[in-house]
Every structure is written in C-alpha cells, then in structure tokens.
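Okay, structure first, notes after.
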Amino acid sequence: MNSLEKQMASLNSAQLQAVTLPPQSALILAGAGSGKTSVLTTRMAWLISTGQTRTQSILAVTFTNKAAKEMMTRLSALLPMNTRGMWVGTFHGLCNRFLRAHHREANLPATFQILDTQDQLSAIKRLLKSMQVDTEKFQPKQVQNFINGSKEDGLRPADVEANDYFYKKLVEIYTAYDAQCQREGVVDFPELLLRAYEVLKANEALRMHYQTRFTHVLVDEFQDTNTLQYAWLKLIASPQTVMMAVGDDDQSIYAFRGAKVENMRLFEREFAQHNVIKLEQNYRSYGHILNAANALISQNNNRLGKNLWTDRGEGEPIRIYEATSDYAEADFVIEEIKAQINEGAVRRDIAVLYRANAQSRVIEHALFNAGVPYRVYGGLRFFERAEIKHALAYLRLIDNPHDDTAFMRVVNFPTRGIGARTIEQLQDTAKSLNSSLWGAVQHASGSGAAKLLAFAQMIDGLRFDTQHLPLPELVDHVTAHSGLIAHYKADREGADRLENLSELINAAAAFVQVEGHKDSTTASETDEDDTMMTPLAGFLSHAALEAGDNQAQAGQDAVQLMTVHAAKGLEFNTVFILGLEEGLFPHENSLSDADGVQEERRLMYVAITRARVRLYMTLAQQRMLHGQTRYGIKSRFLDELSDDDVKWLTPRVRYDAWSNTAKATEDTPSFGTFKESKKDTLGYRVGQSVSHAKFGDGVIVKLEGSGEDTRAYINFGAGFGIKCLALNIAKLETH
DNA sequence: ATTCGTTTTTTTTTT
DNA sequence: AAAAACGAAT
C-alpha cells in the first residue's frame, strides 16, 4: 500500500466523498479540525494519481504562505512527484507570478516593485503633500483604507460613486495615486489582484489559455476571499473547470481586509448548487474544548450552520485564571509552561495566543527571564525592520530607479546633506516634468543639485558594479557601498542592525538556493508562461510578499507566540489565550457595530479550536496599555461558555449586569488576590447609584484600591456597559 | 543641514 | 510606551 492509499484508507466517509468527488464544482463546509487540509491535498494527489489531470492543470489557492508551504509538503509526502508547473500559492503570490509573466499586457515594467502597507502609506503621504490636500480632513490612513477598500471591491476611481465633496475629493486622490504608482512602476497589494483581474478580463486569448490550462481550481479558506478575489476566480474558471472551495464561515476573520463571507453562499448558488459536503467530525480537540467553541459560536447569527462533534471524550476542562496584572498573567503562564515541560511536554506543542501584537512583550520578557526558548511569529517582521527596508530600497533603486518611495527612503540615508528643502525643490521639478524624482535629478536646480547628482551616480555605480554578481554578493556589495554598514558601525547601538543586514545576505543566499533549485527542474519542462524574473526582482517581491515568516531561530524547539490571526490553520496540544478582557478581546475598535463583535467572536472561536488537549484562558485586572494602566473587566466571551466546560483557578467575581451587586463566589481556594477589607473608598460603596456627564446613570458594581486610588466599576447599562473610573478624577453625581 | 530635545499622536488583526 | 512630528540650537 503506498502512502496515498494509506491516507485514503484513514478518511471518514464524508472526507472520502469530498476527495473522490466526480468532476463537478463543490463546496466543502469544513469545521475546525475536521481535516480540511488533508482533504484538499489528498484530493489533488488522487486527481493526479488516477490520471484525471496533470500537475500543470491544477491551481490551488491558499491565504498564507505558511498554508501553501504546508500543502506542498503534504502533497509530496503523498505522491512522489515534481511540483514544478503547479500553481500553488496565495492570491497575491499567484497574481504576482501572473503579472511578471504578462507585464506587457498589464502595462507594467518588467521590474515592477511591490509596495507593502508602510510603503503605500508613505507614498500616499507624499502624494497628499504634493496635491496640497488638507491632511486633517483627509487623513493618510483613511485615504489608504478608501483606496484599498475600493480596489478590493474591484472598483477603479471611475467606478466609485461619489455624491458629495468629500468622496469626490477622495476619488480625485485615488486617481492621482494610481497615476503616481503607474509612473513609478510600483504596485500595492490590492493592485496585484486588480491588475491581474483586469488583464484577464480584457485579454480573451490569455483568458482562454488559462481557462483551458486549469481544469481543477481548489481554494482553501474560502470564507476569507474578497469580492475581487472571487471575481478573479470566476474569470479563470471556464464552464468546464472543476472548482472546489473549502471553507468555514465561522472562521471568517478577515473582514477588515475586505473578506466577504457571503462569497460562500454565492459560490454555492453559482457553482455548487447541491454539491455541498459538510465535514463535521473534529479530530483535533477533546469534548470540553469543542463544547466551549460550539457554545460560543452559537451566539452568532447568519451562520451556514454545522454541528461539530468529536468521539475523543470529554478531556480536561478549560482553565481560567484571573491575574491581578499583565505581569502576573505572564508569570502564571510561564509557571504552567514550565510545569508542562517538566511533565515531558514538547515546547513547540505549546502556544501562547493573544489578540494584539503589543501583548507579546510582557510574555516574551517573562519567558526570557525564565530561560524558556520561544519563538514569536509576526510582530515587527524581518523585512519590516528599518535597516532592512533601507537596504531593500537601495536594491529597488538598482532594479528600477523611478521607484520614488525607495528613492525618498534612502536619498538622505545615511545622511549626505540632502535636506527637506532640496527634496521639495526636486519634487516640484518632478511634478512639472511629470517624471519620477530620479528623472528630475538631471534637471535639478538650486544648492542641492550637485549632491543629488552624486547620489544618482552612486546608484548608477552600484548597478554597474553589481550587474554580473550573484544575488548574495550583490546584496553584500550594496549594503557595504551604500554607506549603510558604515553608518550602523558608527552607531554604538547599531550592532543588532548590522547583524540583521548580514542576515539579509543569508536570506538572499537561501532564496537563491530555493529558487535555483526550482529553475533547474523547470528547465526540462516546456512551460511557456513561466516567469521571467531577474533574481533580484524575484528576491524583492519575495521580501514584500512573505515579510520574512521564518527568519527567526528556525528549527529550534520553542514555545510558539503569535496573534490569534496568525494561529489560524495551526494546532497545538496546549494553548493559552491571553487578555480575555472587554476592550481587548473583543477589541474596543470593533465594539461599535454588531458585525465587529461577531467577527471578534469568530476570532475567539478560532483561538479555542487551536487546542487539542489543554486550554487556558487568562485575564488581567490591570494592564499597561498605550502607556497607561487600564483596568479591564472580564470578556463577555467568558460568559458565553458553559460552566460545565470551564474551571476557574481563581475566585470568580460575577457581575450581574442588572443587579446592584457584584457577587464573589468562592468555589475555588483563594490565591489571596481578593483581600477584601474595610478601606477608604472616598465615601462610595458598591450598589450606589451615580450619574456621569457622558455615560449617564449607572450603578457601582465593584470598588478597587483605596483613598486617592479608588477605582469603581460602574455599570452604565446597555449603551456603555461597565466602565472603570478613577473616583478622584471622574466627575460623578451621587443621588 | 543636522542634531537633539520636546510635543503630539497613535495604538487590531495581514497578503 | 513608542513613534512620529515639530522646533530650536548647533
């Protein structure tokens, strides 16, 4: 029995049905832990091994690079095959590949560069300045959201409805922004998709080519597709194409990026009429964990509906711990981790999840002090570090000197006497010539002209010197001769940055290895549309698209730290979910609308379902946030779990929203955190009715601290909920 | 032009 | 708390 046969024998009937589906489009509704990735990969292996299709005819789209890699690994384990010519990747990665191959049709330079979110924002700031737009009224971030949102809906400036002055102006900015990008030969994230879509739509020959080439299109995490991505999929699919969309509406957590869960219903109607398969058996988690997840998510409405079950037994209840502060929370987590490691747990099977990246610092600190190896995913990634972005900017200028964003980043870094004044003049010149900054250098006037020319010559020199160098040496040469190395050497706090720069050379070497390997296998295949990218251009788009996911201490067995978003698709034996406080999880920015809270709930659902065996949830009464101490109250999500599935490790304080008292039920031994004693609370008492200028009438449900430091939790009813106010500051009226 | 110190603003999640 | 923006001094 080969490995594919073995794999197929281990599937349950629903899974097997999905894998061996006849050539018709289908929607697979796959709950968390139901073996979704297995189904997808086994399906591909089965299609190939039964001779129903060739590797080149498969298009598989995932959402993260991690998932794409995982898919390839599993696939090659199932089936000894060459993965060349197979299109597996993220939407952005595939569209990049497509645009590189057809840059002429897309009206882009062969060396077009990709703007990441930061770059895009600075490009927008630059544009707003040159258009003399009031940035108070039109905030760069807001403009960015508008542009990206429009693109994600597939709308060009001409397609956006603008009825009032504000929107008309936004559309005007959008138009100018697109023109600026086009002139500079750069492309932002949503533009990758939109451009690819438009090329495909306008060019029938090309469309026919891809439609006949791809007989099978498989999409993972379909609930996270946005309007444009769905439209792109529809364009690449002919009526004969067999589409398989796999998704879970309960795990849709990317609405902020334009994702439309509705796409699942649309897909069902437009492709998979009655061809829907539900995968409802969960192989990952024990009963209590799954019950908790089910109970939580049942609070949402408009679900497609499914019933996830397991036959693994109850397992351990979810442990909930209320710490006095974020530091105490971290200490608790570290103690538990150490205990588990002592019991023989493997570090990489333990994950610490949090809502926002900023939360990682306290935990990192504690882990570091405890000497526990850990690895942080996300946060400030390798390719997002300032020194790396500087180095990349030099590399981008070598590839395409008209890239104004890169130009601006390094024209005066390290400082070479080109100040704000000179740049302003250069920008004016560029505007009047309708050229890039680079193009305007030749015509620069004023005192800084000579310095600008010297800078341009240096870039030209770098390009000339490195034209025949292999990529790693090229990177080495550029970091050394641009003055970056010298600059950080002179800085006594630049050691880390120097290290990162040499790490960049390693990354380039690693990139060449991987890509070079691909090239040598591709050579035999006559795949006419394979990409023609210079190694440098390839490396740069790699840097923009993958943001250095696995740069850090790879390979070492370490505790895993990441946001809940980053944890999607992963699973661990032990999971800690931190910061279960109102305002943090659910996050305050999403509390204003009901959809936002539902998305937060789905996020919590994703977090819970990551755990196989043991799950902890923690909260802190007091937390440093944005530079000041905040007093949080327990997350509503904790109330949505059944008491049968949880075990409080700390005394539990119940806030009954509509009564006047907070009841402390001591069903577990006290840890001494709730020492209640008679103390001075500025004359306030629990249960007292008060009134606040902004929040209206409320009732004190809990008092903390004493004297000047007395803080009160006050329930202001449905409108504002429970707030924590410092009584010596808050202006309250008593009645 | 650059540096250094002060003030203000901004804080979610990501390809 | 940290970054960015601003302003004054060098």
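Here's how to read the names in the structure tokens: chain A, B, ... by the order shown, residue numbers from 1 in each chain, ligand numbers from 1 in the order shown.
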**chain B contacts to chain A at 9 Å (only C-alpha atoms (C1' of nucleotides)) as a PyMOL selection string** = chain B and resi 1-2+10-15
Please, could you write that set of residues out with N, CA and C atoms (P, O5', C5', C4', C3', O3' and C1' of nucleotides) as a tab-separated table (two decimals), in the first residue's frame?
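What follows is the written file part_36.tsv:
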chain	number	residue	atom	x	y	z
B	1	DA	P	19.46	72.12	3.10
B	1	DA	O5'	20.67	71.88	4.13
B	1	DA	C5'	21.87	71.27	3.69
B	1	DA	C4'	22.41	70.42	4.79
B	1	DA	C3'	21.55	69.22	5.16
B	1	DA	O3'	22.43	68.14	5.46
B	1	DA	C1'	21.75	70.66	7.03
B	2	DT	P	21.91	66.73	5.91
B	2	DT	O5'	22.07	66.82	7.49
B	2	DT	C5'	23.32	67.29	8.00
B	2	DT	C4'	23.28	67.29	9.52
B	2	DT	C3'	22.56	66.09	10.15
B	2	DT	O3'	23.39	65.57	11.17
B	2	DT	C1'	21.73	68.11	11.04
B	10	DT	P	-3.62	60.79	15.41
B	10	DT	O5'	-3.15	59.28	15.65
B	10	DT	C5'	-1.93	58.86	15.06
B	10	DT	C4'	-1.49	57.57	15.73
B	10	DT	C3'	-2.65	56.58	15.98
B	10	DT	O3'	-2.20	55.30	15.61
B	10	DT	C1'	-1.42	56.89	17.93
B	11	DT	P	-2.78	54.22	14.91
B	11	DT	O5'	-4.24	54.16	15.56
B	11	DT	C5'	-4.53	53.56	16.78
B	11	DT	C4'	-3.58	52.43	17.21
B	11	DT	C3'	-4.23	51.55	18.24
B	11	DT	O3'	-4.67	50.32	17.66
B	11	DT	C1'	-2.23	52.48	19.12
B	12	DT	P	-3.99	49.79	16.41
B	12	DT	O5'	-5.00	48.54	16.43
B	12	DT	C5'	-5.14	47.84	17.60
B	12	DT	C4'	-4.75	46.40	17.43
B	12	DT	C3'	-3.88	46.06	16.25
B	12	DT	O3'	-3.14	44.89	16.56
B	12	DT	C1'	-6.09	45.35	15.86
B	13	DT	P	-2.03	44.33	15.71
B	13	DT	O5'	-2.84	43.36	14.81
B	13	DT	C5'	-3.09	42.03	15.30
B	13	DT	C4'	-4.02	41.34	14.38
B	13	DT	C3'	-3.53	41.27	12.93
B	13	DT	O3'	-2.88	40.05	12.75
B	13	DT	C1'	-5.88	41.76	13.09
B	14	DT	P	-1.41	40.09	12.14
B	14	DT	O5'	-1.74	39.93	10.59
B	14	DT	C5'	-2.43	38.80	10.11
B	14	DT	C4'	-2.42	38.86	8.59
B	14	DT	C3'	-1.04	39.03	7.98
B	14	DT	O3'	-0.99	38.29	6.77
B	14	DT	C1'	-2.38	40.85	7.35
B	15	DT	P	0.41	37.71	6.33
B	15	DT	O5'	0.23	37.68	4.74
B	15	DT	C5'	-0.68	36.78	4.16
B	15	DT	C4'	-1.03	37.29	2.78
B	15	DT	C3'	0.19	37.60	1.90
B	15	DT	O3'	0.05	36.92	0.67
B	15	DT	C1'	-1.28	39.46	1.99
**Message:** Taking only C-alpha atoms (C1' of nucleotides) into account, find every residue of chain C that has an atom no more than 12 Å from chain A, and write it out as a ChimeraX atom specification.
**Reply:** /C:1-3
Please save N, CA and C atoms (P, O5', C5', C4', C3', O3' and C1' of nucleotides) of the selected residues as a short mmCIF file (atom, residue, chain, number, x, y, z; two decimals), in the first residue's frame.
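Result file follows (result.cif):
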data_model
loop_
_atom_site.label_atom_id
_atom_site.label_comp_id
_atom_site.auth_asym_id
_atom_site.auth_seq_id
_atom_site.Cartn_x
_atom_site.Cartn_y
_atom_site.Cartn_z
P DA C 1 5.46 53.85 30.29
"O5'" DA C 1 4.99 53.09 28.97
"C5'" DA C 1 5.31 51.76 28.76
"C4'" DA C 1 5.45 51.55 27.27
"C3'" DA C 1 6.79 52.02 26.73
"O3'" DA C 1 7.24 51.02 25.82
"C1'" DA C 1 5.04 53.13 25.58
P DA C 2 8.60 51.22 25.09
"O5'" DA C 2 8.13 51.85 23.70
"C5'" DA C 2 7.38 51.05 22.80
"C4'" DA C 2 7.01 51.90 21.61
"C3'" DA C 2 8.22 52.49 20.87
"O3'" DA C 2 8.13 52.13 19.52
"C1'" DA C 2 6.60 54.15 21.31
P DA C 3 9.36 52.53 18.54
"O5'" DA C 3 8.64 53.46 17.47
"C5'" DA C 3 7.34 53.08 16.97
"C4'" DA C 3 6.67 54.31 16.43
"C3'" DA C 3 7.53 55.10 15.43
"O3'" DA C 3 6.75 55.38 14.29
"C1'" DA C 3 6.74 56.52 17.13
#
**Item:** Which of segment 56-129 of chain A fall in alpha helix (DSSP H), as a PyMOL selection string
**Value:** chain A and resi 65-78+91-101+117-129
Write the residues of the preceding selection, restricted to C-alpha atoms, as a short mmCIF file (atom, residue, chain, number, x, y, z; two decimals), in the first residue's frame.
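Output saved as out.cif:
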data_model
loop_
_atom_site.label_atom_id
_atom_site.label_comp_id
_atom_site.auth_asym_id
_atom_site.auth_seq_id
_atom_site.Cartn_x
_atom_site.Cartn_y
_atom_site.Cartn_z
CA ASN A 65 2.40 31.33 2.62
CA LYS A 66 2.54 29.02 5.61
CA ALA A 67 -0.51 27.18 4.33
CA ALA A 68 0.85 26.99 0.79
CA LYS A 69 4.09 25.51 2.03
CA GLU A 70 2.23 23.05 4.22
CA MET A 71 0.15 21.96 1.27
CA MET A 72 3.20 21.29 -0.88
CA THR A 73 4.92 19.35 1.87
CA ARG A 74 1.94 17.13 2.47
CA LEU A 75 1.39 16.66 -1.23
CA SER A 76 4.88 15.46 -1.93
CA ALA A 77 4.63 13.11 1.04
CA LEU A 78 1.55 11.53 -0.51
CA PHE A 91 -3.75 35.05 -4.26
CA HIS A 92 -1.10 37.70 -4.07
CA GLY A 93 1.71 35.35 -4.90
CA LEU A 94 -0.08 33.87 -7.88
CA CYS A 95 -1.12 37.26 -9.22
CA ASN A 96 2.43 38.46 -8.87
CA ARG A 97 3.58 35.45 -10.86
CA PHE A 98 0.95 36.14 -13.47
CA LEU A 99 1.84 39.82 -13.78
CA ARG A 100 5.55 39.08 -14.06
CA ALA A 101 4.81 36.72 -16.93
CA THR A 117 1.47 48.68 3.67
CA GLN A 118 4.11 51.02 5.09
CA ASP A 119 5.42 51.97 1.67
CA GLN A 120 1.94 52.60 0.42
CA LEU A 121 1.18 54.90 3.32
CA SER A 122 4.30 56.95 2.76
CA ALA A 123 3.52 57.14 -0.96
CA ILE A 124 0.08 58.46 -0.07
CA LYS A 125 1.51 61.00 2.36
CA ARG A 126 3.86 62.18 -0.34
CA LEU A 127 1.01 62.48 -2.80
CA LEU A 128 -1.25 64.39 -0.42
CA LYS A 129 1.51 66.86 0.21
#
**Residue list (strand (DSSP E or B), DSSP) for segment 178-335 of chain A, as a ChimeraX atom specification** = /A:186-188,216-219,226,242-247,259,276-279,281,309,318-323
Next, dump the selected residues to file, keeping only C-alpha atoms, as a PDB file, in the first residue's frame.
ATOM      1  CA  VAL A 186       5.108  50.149  -8.334  1.00  0.00           C
ATOM      2  CA  VAL A 187       2.119  48.102  -7.347  1.00  0.00           C
ATOM      3  CA  ASP A 188       0.400  47.837  -3.957  1.00  0.00           C
ATOM      4  CA  HIS A 216      -9.124  21.997 -11.457  1.00  0.00           C
ATOM      5  CA  VAL A 217      -9.178  25.008  -9.185  1.00  0.00           C
ATOM      6  CA  LEU A 218      -9.057  24.462  -5.434  1.00  0.00           C
ATOM      7  CA  VAL A 219      -9.470  27.278  -2.926  1.00  0.00           C
ATOM      8  CA  ASN A 226     -12.957  39.285  -1.022  1.00  0.00           C
ATOM      9  CA  VAL A 242     -13.940  21.921 -11.662  1.00  0.00           C
ATOM     10  CA  MET A 243     -13.917  24.226  -8.681  1.00  0.00           C
ATOM     11  CA  MET A 244     -13.548  23.079  -5.111  1.00  0.00           C
ATOM     12  CA  ALA A 245     -13.942  25.696  -2.422  1.00  0.00           C
ATOM     13  CA  VAL A 246     -13.166  24.718   1.151  1.00  0.00           C
ATOM     14  CA  GLY A 247     -14.136  26.990   3.962  1.00  0.00           C
ATOM     15  CA  ALA A 259     -13.231  39.468   3.004  1.00  0.00           C
ATOM     16  CA  VAL A 276     -22.177  20.749  -0.630  1.00  0.00           C
ATOM     17  CA  ILE A 277     -20.330  18.419   1.693  1.00  0.00           C
ATOM     18  CA  LYS A 278     -20.070  19.091   5.396  1.00  0.00           C
ATOM     19  CA  LEU A 279     -17.131  17.843   7.377  1.00  0.00           C
ATOM     20  CA  GLN A 281     -16.247  15.386  12.807  1.00  0.00           C
ATOM     21  CA  TRP A 309     -18.592  16.772  17.202  1.00  0.00           C
ATOM     22  CA  ILE A 318     -10.799  24.799  30.210  1.00  0.00           C
ATOM     23  CA  ARG A 319      -8.767  26.501  32.903  1.00  0.00           C
ATOM     24  CA  ILE A 320      -9.491  30.147  33.524  1.00  0.00           C
ATOM     25  CA  TYR A 321      -7.171  32.338  35.528  1.00  0.00           C
ATOM     26  CA  GLU A 322      -7.762  35.922  36.562  1.00  0.00           C
ATOM     27  CA  ALA A 323      -4.473  37.631  37.303  1.00  0.00           C
TER      28      ALA A 323
END
**Asked** Neighbours of Leu453 of chain A within 12 Å (only C-alpha atoms (C1' of nucleotides); same-chain residues fewer than 6 positions away dropped), as a ChimeraX atom specification?
**Response** /A:411,416,418,422,426,437-447,459-461
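Using only C-alpha atoms, the nearest neighbour of Leu296 of chain A within the list A:Trp232, A:Phe539, A:Tyr167, A:Phe637 is A:Phe637.
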**Request:** Write out as a list in words which residues come within 10 Å of Asn506 of chain A when counting only C-alpha atoms (C1' of nucleotides), dropping same-chain ones fewer than 5 positions away.
**Result:**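 My list of contacting residues is Pro472, Val475, Asp476, Asn500, Leu501, Phe511, Val512 and Gln551 of chain A.
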Writer output for current selection, N, CA, C and O atoms, as a short mmCIF file (atom, residue, chain, number, x, y, z; two decimals), in the first residue's frame:
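And here's selection.cif as it stands now:
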data_model
loop_
_atom_site.label_atom_id
_atom_site.label_comp_id
_atom_site.auth_asym_id
_atom_site.auth_seq_id
_atom_site.Cartn_x
_atom_site.Cartn_y
_atom_site.Cartn_z
N PRO A 472 23.50 37.05 -3.55
CA PRO A 472 24.02 37.34 -2.21
C PRO A 472 25.18 38.33 -2.23
O PRO A 472 25.22 39.26 -1.41
N VAL A 475 23.82 41.81 -2.79
CA VAL A 475 23.29 42.40 -1.56
C VAL A 475 24.43 42.86 -0.66
O VAL A 475 24.42 43.96 -0.12
N ASP A 476 25.43 42.02 -0.56
CA ASP A 476 26.61 42.35 0.24
C ASP A 476 27.24 43.64 -0.25
O ASP A 476 27.49 44.58 0.52
N ASN A 500 21.35 42.16 11.48
CA ASN A 500 20.22 41.96 10.58
C ASN A 500 20.63 42.12 9.13
O ASN A 500 20.13 41.41 8.25
N LEU A 501 21.52 43.07 8.87
CA LEU A 501 21.96 43.27 7.48
C LEU A 501 22.71 42.04 6.97
O LEU A 501 22.53 41.63 5.82
N PHE A 511 17.42 32.26 -0.56
CA PHE A 511 16.45 32.47 -1.64
C PHE A 511 16.97 31.90 -2.96
O PHE A 511 16.27 31.21 -3.69
N VAL A 512 18.24 32.18 -3.24
CA VAL A 512 18.85 31.69 -4.47
C VAL A 512 18.84 30.16 -4.49
O VAL A 512 18.54 29.54 -5.51
N GLN A 551 12.34 33.68 9.43
CA GLN A 551 13.72 34.13 9.53
C GLN A 551 14.31 33.81 10.90
O GLN A 551 15.46 33.46 11.01
#
**Request:** For DA4 of chain C, please output as a ChimeraX atom specification all residues within 12 Å (counting only C-alpha atoms (C1' of nucleotides); exclusion window: fewer than 4 positions along the same chain).
**Result:** /B:7-10
**Length of the atom CA of Glu191 of chain A to atom CA of Asp159 of chain A vector [Å]** =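 We find that atom CA of Glu191 of chain A and atom CA of Asp159 of chain A lie 15.2 Å from each other.
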**Complete:** A straight line from atom CA of Pro401 of chain A to atom CA of Gln467 of chain A spans 14.6 Å
**Prompt:** Which residue, A:Val597, A:Ala486, A:Leu619, A:Ala370, has the smallest gap to Trp648 of chain A when you use only C-alpha atoms?
**Reply:** A:Leu619
